[in-house]
Amino acid sequence: MAKKRSGGTPAVAALTAAGVEFRTHAYAHDPAHPSYGEEAAQALGVSPDRVFKTLVAEVDGELTVAVVPVAGSLDLKALAAAVGGKRGAMADPALAERATGYVRGGISPLGQRKRLRTVLDASAVAHATICVSAGRRGLELELPPTTLASLTSATLAPIARPN
C-alpha cells in the first residue's frame, strides 16, 4: 500500500506525520444518499464489512468514539462495557462535531480536535485493511486495522451488531 498525502484533512496529516502506510480514496458524495457509510462502500466497490463508520457516543457522560462496520450498528451496552462504563447513549451531533472538529458523515477516528477514548470493533482485525472517513464526506482512508488501533490507542472489543 503506497503512502498518499492528498486530502488535506487533519486525519491525513496525522497519518502522514506518523509515517505509516495508508491510501486515500475520493468519491463524489451525494447529499441525498441515506447512509454515508453505505455510500462510501458502494462508491469504492468495497464490502460494507470492510468500511467502518465513526460514531460518537457518551458513556457515563464521557464522549467516546466507536468505530464499527457500516454493515452493522453500534451496541451501546457493549460499548459501555468495553470501557468499563454502565450506560451508553449516542452523543448530540453538534457536541460530536465540536469535540472532533469534523462534520457528521465525515467524522474520522484520526486527527480529532480533542482526543477521545476510542473503541474499534473487534471484527476489524479479520481484514488486512479497512476504510474509515478521512475527515470529510467523499474521502476515505484505507489502512490496516492494527495501525488505526495503535494511532488512536483504541480498545478492540465486539461492539457491533448486525443490522
# chains A, B, ... in the order shown; residues from 1 in each chain; ligands from 1
>>> select_by_dssp(residues="range 43-161 of chain A", states="strand (DSSP E)", output="ChimeraX atom specification")
/A:52-59,62-69,72-74,88-90,117-121,130-136,139-143,155-157,160-161
>>> residues_around(residues="range 73-80 of chain A", least_positions_apart="6", cutoff="9 Å", atoms="only C-alpha atoms", output="mmCIF file with all heavy atoms, in the first residue's frame")
data_model
loop_
_atom_site.group_PDB
_atom_site.id
_atom_site.type_symbol
_atom_site.label_atom_id
_atom_site.label_comp_id
_atom_site.auth_asym_id
_atom_site.auth_seq_id
_atom_site.Cartn_x
_atom_site.Cartn_y
_atom_site.Cartn_z
ATOM 1 N N LEU A 55 -18.632 6.719 15.065
ATOM 2 C CA LEU A 55 -19.766 7.249 15.814
ATOM 3 C C LEU A 55 -19.271 7.803 17.142
ATOM 4 O O LEU A 55 -18.341 7.255 17.738
ATOM 5 C CB LEU A 55 -20.786 6.135 16.066
ATOM 6 C CG LEU A 55 -21.303 5.430 14.810
ATOM 7 C CD1 LEU A 55 -22.138 4.219 15.191
ATOM 8 C CD2 LEU A 55 -22.108 6.387 13.953
ATOM 9 N N ALA A 57 -20.386 8.571 20.953
ATOM 10 C CA ALA A 57 -21.382 8.257 21.980
ATOM 11 C C ALA A 57 -20.926 8.859 23.308
ATOM 12 O O ALA A 57 -19.788 9.315 23.432
ATOM 13 C CB ALA A 57 -21.532 6.739 22.114
ATOM 14 N N GLU A 58 -21.835 8.845 24.261
ATOM 15 C CA GLU A 58 -21.484 9.233 25.625
ATOM 16 C C GLU A 58 -21.595 7.992 26.483
ATOM 17 O O GLU A 58 -22.623 7.308 26.466
ATOM 18 C CB GLU A 58 -22.438 10.302 26.152
ATOM 19 C CG GLU A 58 -22.183 11.669 25.562
ATOM 20 C CD GLU A 58 -22.970 12.749 26.278
ATOM 21 O OE1 GLU A 58 -22.787 12.921 27.500
ATOM 22 O OE2 GLU A 58 -23.772 13.402 25.591
ATOM 23 N N VAL A 59 -20.537 7.689 27.202
ATOM 24 C CA VAL A 59 -20.564 6.583 28.157
ATOM 25 C C VAL A 59 -20.382 7.201 29.531
ATOM 26 O O VAL A 59 -19.342 7.810 29.813
ATOM 27 C CB VAL A 59 -19.473 5.537 27.863
ATOM 28 C CG1 VAL A 59 -19.470 4.459 28.946
ATOM 29 C CG2 VAL A 59 -19.675 4.915 26.484
ATOM 30 N N ASP A 60 -21.406 7.083 30.350
ATOM 31 C CA ASP A 60 -21.404 7.678 31.690
ATOM 32 C C ASP A 60 -20.988 9.153 31.630
ATOM 33 O O ASP A 60 -20.216 9.627 32.451
ATOM 34 C CB ASP A 60 -20.501 6.879 32.639
ATOM 35 C CG ASP A 60 -20.973 5.450 32.826
ATOM 36 O OD1 ASP A 60 -22.157 5.169 32.555
ATOM 37 O OD2 ASP A 60 -20.157 4.605 33.235
ATOM 38 N N THR A 64 -17.096 9.197 23.796
ATOM 39 C CA THR A 64 -16.333 8.018 23.414
ATOM 40 C C THR A 64 -16.578 7.753 21.937
ATOM 41 O O THR A 64 -17.711 7.834 21.471
ATOM 42 C CB THR A 64 -16.789 6.798 24.246
ATOM 43 O OG1 THR A 64 -16.651 7.110 25.629
ATOM 44 C CG2 THR A 64 -15.979 5.566 23.923
ATOM 45 N N ALA A 66 -16.738 5.241 18.783
ATOM 46 C CA ALA A 66 -16.960 3.841 18.417
ATOM 47 C C ALA A 66 -16.757 3.720 16.914
ATOM 48 O O ALA A 66 -17.329 4.489 16.145
ATOM 49 C CB ALA A 66 -18.368 3.410 18.805
ATOM 50 N N VAL A 67 -15.932 2.767 16.503
ATOM 51 C CA VAL A 67 -15.659 2.548 15.086
ATOM 52 C C VAL A 67 -16.186 1.156 14.751
ATOM 53 O O VAL A 67 -15.650 0.156 15.219
ATOM 54 C CB VAL A 67 -14.154 2.678 14.781
ATOM 55 C CG1 VAL A 67 -13.890 2.564 13.286
ATOM 56 C CG2 VAL A 67 -13.604 4.006 15.321
ATOM 57 N N LYS A 86 -21.210 2.044 32.559
ATOM 58 C CA LYS A 86 -22.502 1.421 32.822
ATOM 59 C C LYS A 86 -23.541 1.734 31.755
ATOM 60 O O LYS A 86 -24.334 0.891 31.400
ATOM 61 C CB LYS A 86 -23.033 1.880 34.181
ATOM 62 C CG LYS A 86 -22.204 1.364 35.321
ATOM 63 C CD LYS A 86 -22.755 1.805 36.639
ATOM 64 C CE LYS A 86 -21.855 1.259 37.739
ATOM 65 N NZ LYS A 86 -22.042 1.926 38.985
ATOM 66 N N ARG A 87 -23.549 2.975 31.257
ATOM 67 C CA ARG A 87 -24.611 3.381 30.347
ATOM 68 C C ARG A 87 -24.037 4.157 29.162
ATOM 69 O O ARG A 87 -23.250 5.076 29.329
ATOM 70 C CB ARG A 87 -25.601 4.257 31.105
ATOM 71 C CG ARG A 87 -26.619 4.914 30.212
ATOM 72 C CD ARG A 87 -27.586 5.707 30.996
ATOM 73 N NE ARG A 87 -28.795 4.899 31.032
ATOM 74 C CZ ARG A 87 -29.824 5.156 31.767
ATOM 75 N NH1 ARG A 87 -29.808 6.164 32.584
ATOM 76 N NH2 ARG A 87 -30.892 4.414 31.695
ATOM 77 N N GLY A 88 -24.510 3.773 27.975
ATOM 78 C CA GLY A 88 -24.096 4.455 26.770
ATOM 79 C C GLY A 88 -25.288 5.026 26.028
ATOM 80 O O GLY A 88 -26.379 4.462 26.070
ATOM 81 N N ALA A 89 -25.074 6.151 25.376
ATOM 82 C CA ALA A 89 -26.096 6.792 24.549
ATOM 83 C C ALA A 89 -25.372 7.531 23.427
ATOM 84 O O ALA A 89 -24.225 7.954 23.590
ATOM 85 C CB ALA A 89 -26.930 7.771 25.380
ATOM 86 N N MET A 90 -26.051 7.691 22.317
ATOM 87 C CA MET A 90 -25.447 8.449 21.223
ATOM 88 C C MET A 90 -25.283 9.901 21.667
ATOM 89 O O MET A 90 -26.154 10.454 22.338
ATOM 90 C CB MET A 90 -26.305 8.375 19.962
ATOM 91 C CG MET A 90 -26.354 6.979 19.348
ATOM 92 S SD MET A 90 -24.727 6.239 19.014
ATOM 93 C CE MET A 90 -24.069 7.376 17.813
ATOM 94 N N VAL A 119 -12.983 2.983 20.747
ATOM 95 C CA VAL A 119 -13.160 1.532 20.728
ATOM 96 C C VAL A 119 -13.389 1.128 19.275
ATOM 97 O O VAL A 119 -14.271 1.660 18.601
ATOM 98 C CB VAL A 119 -14.348 1.083 21.608
ATOM 99 C CG1 VAL A 119 -14.479 -0.446 21.574
ATOM 100 C CG2 VAL A 119 -14.179 1.571 23.046
ATOM 101 N N ALA A 157 -12.875 -4.457 20.836
ATOM 102 C CA ALA A 157 -13.957 -5.149 21.529
ATOM 103 C C ALA A 157 -15.107 -5.383 20.561
ATOM 104 O O ALA A 157 -15.299 -4.628 19.611
ATOM 105 C CB ALA A 157 -14.428 -4.313 22.719
ATOM 106 N N PRO A 158 -15.912 -6.414 20.807
ATOM 107 C CA PRO A 158 -17.083 -6.683 19.960
ATOM 108 C C PRO A 158 -18.228 -5.702 20.311
ATOM 109 O O PRO A 158 -19.008 -5.963 21.201
ATOM 110 C CB PRO A 158 -17.445 -8.130 20.289
ATOM 111 C CG PRO A 158 -16.933 -8.334 21.689
ATOM 112 C CD PRO A 158 -15.731 -7.446 21.829
ATOM 113 N N ILE A 159 -18.258 -4.571 19.612
ATOM 114 C CA ILE A 159 -19.240 -3.525 19.925
ATOM 115 C C ILE A 159 -20.292 -3.349 18.825
ATOM 116 O O ILE A 159 -21.171 -2.488 18.955
ATOM 117 C CB ILE A 159 -18.562 -2.173 20.224
ATOM 118 C CG1 ILE A 159 -17.727 -1.708 19.031
ATOM 119 C CG2 ILE A 159 -17.726 -2.275 21.492
ATOM 120 C CD1 ILE A 159 -17.254 -0.270 19.124
ATOM 121 N N ALA A 160 -20.196 -4.134 17.759
ATOM 122 C CA ALA A 160 -21.163 -4.009 16.661
ATOM 123 C C ALA A 160 -22.128 -5.181 16.697
ATOM 124 O O ALA A 160 -21.807 -6.266 17.163
ATOM 125 C CB ALA A 160 -20.447 -3.985 15.318
ATOM 126 N N ARG A 161 -23.319 -4.915 16.181
ATOM 127 C CA ARG A 161 -24.291 -5.994 15.987
ATOM 128 C C ARG A 161 -24.764 -5.897 14.544
ATOM 129 O O ARG A 161 -24.813 -4.803 13.978
ATOM 130 C CB ARG A 161 -25.428 -5.918 16.983
ATOM 131 C CG ARG A 161 -26.228 -4.652 16.916
ATOM 132 C CD ARG A 161 -27.387 -4.688 17.924
ATOM 133 N NE ARG A 161 -28.005 -3.374 17.925
ATOM 134 C CZ ARG A 161 -28.157 -2.617 18.994
ATOM 135 N NH1 ARG A 161 -27.780 -3.037 20.158
ATOM 136 N NH2 ARG A 161 -28.708 -1.431 18.890
ATOM 137 N N PRO A 162 -25.133 -7.026 13.951
ATOM 138 C CA PRO A 162 -25.584 -6.980 12.557
ATOM 139 C C PRO A 162 -26.896 -6.213 12.427
ATOM 140 O O PRO A 162 -27.693 -6.180 13.355
ATOM 141 C CB PRO A 162 -25.772 -8.441 12.179
ATOM 142 C CG PRO A 162 -25.525 -9.252 13.397
ATOM 143 C CD PRO A 162 -25.132 -8.356 14.510
ATOM 144 N N ASN A 163 -27.087 -5.600 11.278
ATOM 145 C CA ASN A 163 -28.357 -4.887 11.015
ATOM 146 C C ASN A 163 -29.452 -5.859 10.695
ATOM 147 O O ASN A 163 -29.260 -6.909 10.197
ATOM 148 C CB ASN A 163 -28.193 -3.901 9.854
ATOM 149 C CG ASN A 163 -27.555 -2.620 10.321
ATOM 150 O OD1 ASN A 163 -27.526 -2.298 11.517
ATOM 151 N ND2 ASN A 163 -27.006 -1.877 9.394
#
>>> residues_around(residues="Lys53 in chain A", least_positions_apart="3", cutoff="7 Å", atoms="only C-alpha atoms", output="list of chain:residue names")
A:Gly37, A:Val67, A:Val68, A:Pro69, A:Val70, A:Val132
>>> write_last_selection(atoms="N, CA and C atoms", output="compact mmCIF listing (two decimals), in the first residue's frame")
# COMPACT_ATOMS: atom_id res chain seq x y z
N GLY A 37 -21.94 5.82 5.21
CA GLY A 37 -21.09 4.65 5.15
C GLY A 37 -21.41 3.73 4.00
N VAL A 67 -15.93 2.77 16.50
CA VAL A 67 -15.66 2.55 15.09
C VAL A 67 -16.19 1.16 14.75
N VAL A 68 -17.28 1.13 13.97
CA VAL A 68 -17.98 -0.12 13.67
C VAL A 68 -18.22 -0.25 12.17
N PRO A 69 -18.38 -1.49 11.67
CA PRO A 69 -18.64 -1.67 10.24
C PRO A 69 -19.97 -1.04 9.83
N VAL A 70 -20.01 -0.48 8.63
CA VAL A 70 -21.25 0.12 8.15
C VAL A 70 -22.31 -0.95 7.92
N VAL A 132 -11.95 4.00 6.68
CA VAL A 132 -12.62 4.90 7.61
C VAL A 132 -12.63 6.29 6.99
>>> select_by_dssp(residues="range 2-67 of chain A", states="alpha helix (DSSP H)", output="count of residues only")
18
>>> closest_residue(among="A:Cys131, A:Ala96, A:Leu151, A:Ala82", to="Val20 in chain A", atoms="only C-alpha atoms")
A:Leu151
>>> atom_distance(atom1="CA of Ala126 in chain A", atom2="CA of Arg50 in chain A")
9.2 Å
>>> residues_around(residues="Ser150 in chain A", least_positions_apart="6", cutoff="12 Å", atoms="only C-alpha atoms", output="ChimeraX atom specification")
/A:15,18,20,109-110,118-120,143-144,156
>>> atom_distance(atom1="CA of Ile107 in chain A", atom2="CA of Arg136 in chain A")
6.9 Å
>>> atom_distance(atom1="CA of Pro10 in chain A", atom2="CA of Leu148 in chain A")
14.5 Å
>>> closest_atom_pairs(of="range 109-154 of chain A", to="range 99-103 of chain A", cutoff="12 Å", atoms="only C-alpha atoms", output="CSV")
residue,atom,partner,partner_atom,distance
A:Pro109,CA,A:Thr100,CA,8.5
A:Leu110,CA,A:Thr100,CA,9.1
A:Gly111,CA,A:Thr100,CA,8.1
A:Gln112,CA,A:Thr100,CA,4.5
A:Arg113,CA,A:Thr100,CA,4.8
A:Lys114,CA,A:Ala99,CA,5.6
A:Arg115,CA,A:Thr100,CA,7.7
A:Leu116,CA,A:Thr100,CA,8.2
A:Arg117,CA,A:Thr100,CA,11.6
A:Ser133,CA,A:Tyr102,CA,10.1
A:Ala134,CA,A:Tyr102,CA,9.8
A:Gly135,CA,A:Tyr102,CA,6.2
A:Arg136,CA,A:Tyr102,CA,7.2
A:Arg137,CA,A:Val103,CA,8.3
>>> write_last_selection(atoms="C-alpha atoms", output="mmCIF file, in the first residue's frame")
data_model
loop_
_atom_site.group_PDB
_atom_site.id
_atom_site.type_symbol
_atom_site.label_atom_id
_atom_site.label_comp_id
_atom_site.auth_asym_id
_atom_site.auth_seq_id
_atom_site.Cartn_x
_atom_site.Cartn_y
_atom_site.Cartn_z
ATOM 1 C CA PRO A 109 -11.260 8.482 14.253
ATOM 2 C CA LEU A 110 -7.938 10.209 13.464
ATOM 3 C CA GLY A 111 -6.868 13.833 13.804
ATOM 4 C CA GLN A 112 -9.714 14.864 16.081
ATOM 5 C CA ARG A 113 -9.703 18.278 17.743
ATOM 6 C CA LYS A 114 -9.940 16.636 21.162
ATOM 7 C CA ARG A 115 -8.538 13.125 21.501
ATOM 8 C CA LEU A 116 -11.404 10.927 22.643
ATOM 9 C CA ARG A 117 -11.350 7.427 24.074
ATOM 10 C CA SER A 133 -13.532 8.507 6.981
ATOM 11 C CA ALA A 134 -10.612 10.759 6.165
ATOM 12 C CA GLY A 135 -12.353 13.728 7.740
ATOM 13 C CA ARG A 136 -14.781 14.890 5.102
ATOM 14 C CA ARG A 137 -17.663 13.456 3.167
#
>>> closest_residue(among="A:Ala91, A:Ser153, A:Phe52, A:Gly8", to="Ala40 in chain A", atoms="only C-alpha atoms")
A:Phe52
>>> closest_residue(among="A:Ala26, A:Ala41, A:Ala154, A:Leu95", to="Ala71 in chain A", atoms="only C-alpha atoms")
A:Ala41
